[in-house]
Amino acid sequence: MLRRAMFRCGELCSRVFAVEFDLRAEPLYFTLSSSPQVLHHDHQRLFGDCGKLFSLHVQSENRIEKAQTHAQIKHKLSSTLSRDCDVFEASSFIPDDENSVVKGFFIRDKSTTTLSEDLLNTLRQSKTVCMFSYKREGQYCWQELWSPVSPVKESVRQYITPATAAKHHPSTLNIRNSDVFYSMDEAYKVLQECTDIIPESKAVLKLVDEQLEISSGDAYPVIVIEGLDATGKTTLTEALRESLNATLLKSPPQCLTSFRQRFDSEPPLIRRAFYALGNYITAAHIGKESLRAPVIVDRYWHSTAAYAIATAVSGRVENLPRLDSELYQWPGDLLQPNLVLLLTVNPEERLRRLRDRGQDKTVEEAELELNQLFRLKVEEAYKRIQNPACIIVDASPSPQEVLQQVQRLIRNKCHL
């Protein structure tokens, strides 16, 4: 049954496997072959004679179940296995086939305990998890379905065959309407599918239904201020509100504040759908308020997309979707601002400001401090988003100088 689940995404031998062995480099790619293949140097480092090797992949036609199972397994692996066990993100996919990625983990157990086998034996009770073990013989290595007692009778020995790097990082195949949503309906469907397991979903959907009224007529300009935490967004947006006699809105909107902690604990699919719907509620507020005055928005779709893409794509900046990817295009059904400004400061100054603030941070904000690669990916994703693109503003000078610089941009672009 487990093997059939994998076959539904394509025959096992037609899939490419990827292991994030070194986040500073490309993933290690391999395919499966019925004949022995000599391993390359990098593959020898992963499959070499250094302990027990396993992989597991999470697949289900129910995307909510799949997302939650993957998150639960990730937590169990990090909290249960010993320090002598290395856990790497892994996946299998069909090249250039959107939504073909099956996510999972690769385990290299160098310990003398049976912790990894015991945990895998527990996880194998799930119908959504397919497990493999890896055996070595000289220069060769093969994959077979794993059983805690004895080799699976129907398992066929499939040899690891080094493969060339994928044209695009495999995670980019699953971003659309999974990590980043490009229509309200797609995000709405995800929360509809969650109502039985996450009661708060009903309340969020009710808010969406109540607040999505279409406003029409001549509107004042809408200016969005984007940037990482501690780049000066709050100071600037408040100053612009006063100087332009504008309405200040924030995304996600205030009406979702009480739900954020609940959805922040969910897997990316559900969490991203929640924040995507927040953008549509914000858009409804913008539509109403812009009939009366200019509107300043503290974060909007650029932030939602940039953080989601940077999180979904592991490793280096080079792994991000290509520059001309449609994944950077603004959703067609979401109200567009007239101007988007991206505030930037150097990393040292931003960290100093964060320390001075001493406020609680989200998981992603905390990761920005610890993970330079993640920060670089977020910043680059911001810059790649199009229609509308961000105009970069150096926010290192004094707040007054930054305000004057931004006011000039608004006068030139929005004629305010």
# chains A, B, ... in the order shown; residues from 1 in each chain; ligands from 1
call {"tool": "select_by_dssp", "arguments": {"residues": "region 67-180 of chain A", "states": "strand (DSSP E)", "output": "PyMOL selection string"}}
result
chain A and resi 85-93+102-109+129-137+140-145+158-162
call {"tool": "select_by_dssp", "arguments": {"residues": "region 70-235 of chain A", "states": "helix (DSSP H, G or I)", "output": "MDAnalysis selection string"}}
result
chainID A and resid 70:80 115:123 170:174 184:192 200:211 233:235
call {"tool": "atom_distance", "arguments": {"atom1": "CA of Glu89 (chain A)", "atom2": "CA of Pro321 (chain A)"}}
result
18.5 Å
call {"tool": "residues_around", "arguments": {"residues": "region 303-315 of chain A", "least_positions_apart": "5", "cutoff": "9 Å", "atoms": "only C-alpha atoms", "output": "ChimeraX atom specification"}}
result
/A:20,22-27,89,169-172,174-175,179-181,226-228,268,272,275-276,279,320-321,327-328,364,373-385
call {"tool": "closest_residue", "arguments": {"among": "A:Glu200, A:Asp86, A:Glu401, A:Glu137", "to": "Phe21 (chain A)", "atoms": "only C-alpha atoms"}}
result
A:Asp86
call {"tool": "atom_distance", "arguments": {"atom1": "CA of Gln372 (chain A)", "atom2": "CA of Ala230 (chain A)"}}
result
15.7 Å
call {"tool": "residues_around", "arguments": {"residues": "Cys390 (chain A)", "least_positions_apart": "6", "cutoff": "6 Å", "atoms": "only C-alpha atoms", "output": "VMD selection string"}}
result
chain A and resid 340 to 342
call {"tool": "residues_around", "arguments": {"residues": "Tyr140 (chain A)", "least_positions_apart": "6", "cutoff": "7 Å", "atoms": "only C-alpha atoms", "output": "list of chain:residue names"}}
result
A:Pro36, A:Gln37, A:Val38, A:Leu39
call {"tool": "write_last_selection", "arguments": {"atoms": "N, CA, C and O atoms", "output": "compact mmCIF listing (two decimals), in the first residue's frame"}}
result
# COMPACT_ATOMS: atom_id res chain seq x y z
N PRO A 36 23.96 -2.12 -10.60
CA PRO A 36 24.86 -1.40 -9.69
C PRO A 36 25.54 -0.21 -10.36
O PRO A 36 25.92 -0.29 -11.53
N GLN A 37 25.68 0.88 -9.62
CA GLN A 37 26.32 2.09 -10.12
C GLN A 37 27.34 2.58 -9.09
O GLN A 37 27.05 2.62 -7.90
N VAL A 38 28.52 2.95 -9.54
CA VAL A 38 29.56 3.45 -8.64
C VAL A 38 29.16 4.84 -8.14
O VAL A 38 28.74 5.70 -8.93
N LEU A 39 29.29 5.07 -6.85
CA LEU A 39 28.91 6.36 -6.27
C LEU A 39 29.98 7.41 -6.49
O LEU A 39 31.18 7.11 -6.45
call {"tool": "atom_distance", "arguments": {"atom1": "CA of Phe30 (chain A)", "atom2": "CA of Ser92 (chain A)"}}
result
9.4 Å
call {"tool": "closest_residue", "arguments": {"among": "A:Pro388, A:Gly51, A:Pro199, A:Gly138", "to": "Pro337 (chain A)", "atoms": "only C-alpha atoms"}}
result
A:Pro388
call {"tool": "closest_residue", "arguments": {"among": "A:Asp109, A:Glu193, A:Asp97, A:Glu65", "to": "Cys50 (chain A)", "atoms": "only C-alpha atoms"}}
result
A:Asp109
